[in-house]
Structure formats: C-alpha cells, structure tokens
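Asker: After the structure tokens below, expect a handful of questions from me.
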Amino acid sequence: MHWHWCDFIGRYTVSSIHQIERSLAKGDALTAERDCLALLADEPNHPDLITLLALCEESRQQPDQALARLERVCLSHPDHARAHFHKGRLLMAQGAFDQAEKALAKVVLLEPNHAPSRHLLGRIALRQRRLDDAVDHLKTTLKADDRYSPAHCDLALALLEQGDVQGALESAGQALTLEGGVAEAHLAMGAVKLSQGHWEHARDHLIQATDLDPDSAQGLLMLAKAYQLGQHHRQALTALDRLSGTDKQRPQARHARAISLAQLDQPDLARELWEALVSERPHVEAALHLVELYLRISDRQALAKLQNQVHQYEDEVPHLKRYLDAVCDALDGRLSHAMETFEDLVKISSESISIRAGLWRAELLLDSHESKQAVLALQQLLERHSPPPAVSLQMAEMAQRAGDSAFAVGCLDEALSLEGLPDTLRHKLSALRTELQR
C-alpha cells in the first residue's frame, strides 16, 4: 500500500503535536513554542497548532494574549472543541463565569462525553452557589468518566453545601481512592471532616493537602480552622502565617486570625482586625464577634457605632441589622420588641445569627422567670440546629438555671459524643454532667 505525501505530512504533524504537548507537560514552554512556530510556517491555519501556541503563551504568563488567540481559533474553526475548552478554562480563571460557561457548553455539544468540560461547568455552578446545577453537572461528568477524581472532589463539596454529609464523605473517599497523592482529594476530605467536627482527622488531611500544595490558600485557611476547633490557636496562627501576602489580606484570613488572637488573650488586636473588616464591608461574622466583645467589656458606645455601620448596609445584611437592633432593644429595656425579633431570627437560615438569637431569647425568658418557656426556646433551637459543643455547654448551663436537669444532660451527652473534643472543653462538659447527676 502506497501513502500519499499528504498522509505523510498529516502523520508527521500529529507526531509533532504530541511532542509539543510533552514539552508543555514538562514545563518547557520555550521548546514547545519553537516547535509550534516551525510547524505553523508550513500550516498557518492548523487549529491544533494555534491552540498549542496559545497554551505556550499561557505558560509564559500571557493569558490575555492566549485568550485572544483562542478566540480567533473558535471563530475560524467553530467545531474545534479543544480551542473552546481552553478558552472556557482561561475565561473561568479570569472570573468571567458566564462567558466561560458558554464556551464549555459548546464543548459538550461537540463532545458530550468530555469529562473535563462537564466538570468545569459543575465547578462554575458550585462557585456561583447553584448547588443543584453543580451536582447535576458533576454527576454527569462521572457518568462520562467515573475515575475523574476532580469531579469527585467538587461533588463532595457541593453535596456538603447541600447538607448531604454522607454523600460528601463517599465522594471524597472515592477521590482519595483514585488519587491519594493529590492535594485536592485531601482538601475535599478535610472539608467533610471539618463539617462533622472531627478536627483531628480534618487536620491530618489538610496537613497532607498543604504539604502537597504549599501555596493552597484554601488548604491553609481550612487547616487554621481545624486547629481552632481543637483550641490550638497558636498552630492556627502558624498556618495563617504561611499564606502569601495577598492571601493574608483576604477577609476570611483576617477574621480567622482575629478569632485566634481573641482566644490567646489578645482582644485588642482581634478587635482591631474585626473593626477594620466591618468598616470595609458588611462582614457578618466579624460583626457578631464584635457584639460579644463589646458586651463583655460593656462598651455601649462602640456597640452603637457598630449598629450605625450595619444600618448603612441594611439591604445587604438585613438579618444582621435586625439582630443588632434586637440586642440594643434588650439592653435598653424594650424587651417585648427584642423578644419578637429574636423569635423571628431563630427561623432564618443563617446559623450564626439564628443560634445567637435563640440563646438571647432563652436568656431573656430566664431573666423574666419564665423557666419553662426558656427551656422550650432551647428545645426549639436544638430542633433547628446541631450546635457546636461550646454552645451545647451554654445551653446546658441555661437549662440548669431553669431547673431542667434532664434537658441539660441531653445537651451535654450530645456534645460529649463528638469525636476530637478539646480536653479543656471535654472537662467542662463532663464536670457539669457530674454536677447535674448528684
């Protein structure tokens, strides 16, 4: 059988393309680019070669130039799935999610079983908190390729956001089985273990994740949170110190640092961080911690200033605004109005505000000598949430004051059943339980 010279050129080009891909995979963008340009001299409109040249530009930190080149390929070769995929990937990296979604949707139209494109569609939906869409995309990805580990990782996170902890645990476990040496799989399992309160298991996975990927801001922030759950705040600060300069300024990082500083008896530094966060934007968690700090030091002037700041963002954080108003009403003796607001806030989805509102409501009922109603308020809170162990201790103490030892012991037993409780907290829970059973 005789080969036509065109067949020979085609085979030669394919072989060269594979060589360019290998060079890129090894991080040798200069060699890859040189080979691309050499081949393009003979085939200037070859879509694979132009796409690879764009990837060389991306490797040389020229994403805008790479994206412009990919745009041209997509226009001249609208059925070239590879160009659409990399265009979508680069757009996603730039935060242009809507445009990225269109490009990736084009890929799955051309190649329905292209798992990486379906996965990125799921990741976009996850980042936009379209959880049902995310789960659908990720499950479809795994139908196309059930061994595609990144989809298992993101599916774990999406299911976790939906409250399906068992499903998330299974997906994270599958990711670890497939690629136990990849940081992303350990991050997913670390997130699941954090949600379960198993801080020691979470810490172990997150240490592995951040060893595998030392620049992972998400991993370091989660590692700090794991240490905080275990009341190891110096280690939490060490994890936060490993963040890059830019990542250290992220609101999440500054808030985490403030939490640990407050626990290490440095409330002034914590206060400074929280007040800066609230002055920049309506940071709900920072504001809630400031409320507690101001109440502890009886700084009503600072509380009033915080209330005014939050009022400026009323449309963005209406529940926080109502919570702060109710706290001030309670302090000023407008108990009926405060009680009504706290009762409404217990029903909202924000756990941080809902739990605090429920505790305030129970406290006000105790102060009014309505013990049975106070316990009922605590029971309703327990029906809506699974409180952290420290909150369970607080609820047990309130139930003790109300004279309901059985409910108090139930709160304590629930907290004591959790794995990985810090020794100090476990001692407090056990001591109160012993006292109640005398």
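Residues are referred to by chain and number: the chain letter is A, B, ... according to the order shown in the structure tokens, the number counts from 1 in that chain, and ligands are numbered separately from 1 in the order shown.
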Would you list the contacts of Cys328 of chain A as a list in words, taking every protein, DNA or RNA residue within 9 Å and counting only C-alpha atoms, but skipping same-chain residues closer than 6 positions in sequence?
Answerer: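 My list of contacting residues is Arg300, Leu303, Ala304, Gln307, Arg334 and Ala338 of chain A.
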Asker: Just the residues within 10 Å of Trp274 of chain A, please, counting only C-alpha atoms, with nothing from its chain fewer than 4 positions along; format it as a count of residues only.
Answerer: 19
Asker: Give me, as a list in words, all polymer residues having an atom no more than 12 Å from Gln99 of chain A, counting only C-alpha atoms and skipping those fewer than 3 positions away in the same chain.
Answerer: Glu71, His84, Phe85, Lys87, Gly88, Arg89, Leu90, Leu91, Met92, Ala93, Gln94, Gly95, Ala96, Lys102, Ala103, Leu104, Ala105, Lys106, Leu121 and Ile124 of chain A
Asker: Give me the residues near Arg82 of chain A as a list in words, where near means some atom within 8 Å (using only C-alpha atoms) and where sequence neighbours in that chain fewer than 6 positions away do not count.
Answerer: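 Residues meeting the cut-off are Asp48, Thr51 and Val107 of chain A.
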Asker: I'd like the neighbourhood of segment 415-420 of chain A as an NGL selection string, where a residue qualifies if any of its atoms comes within 7 Å (using only C-alpha atoms), though same-chain residues fewer than 4 positions away should be ignored.
Answerer: :A and (198-200 or 389 or 392 or 411 or 426)
Asker: When distances are computed from only C-alpha atoms, which of A:Ser171, A:Ser260, A:Gln379, A:Ser16 shows the smallest separation from Ala396 of chain A?
Answerer: A:Gln379
Asker: When distances are computed from only C-alpha atoms, which of A:Arg34, A:Arg281, A:His369, A:Lys248 shows the smallest separation from Gln309 of chain A?
Answerer: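 Using only C-alpha atoms, the shortest distance to Gln309 of chain A belongs to A:Arg281.
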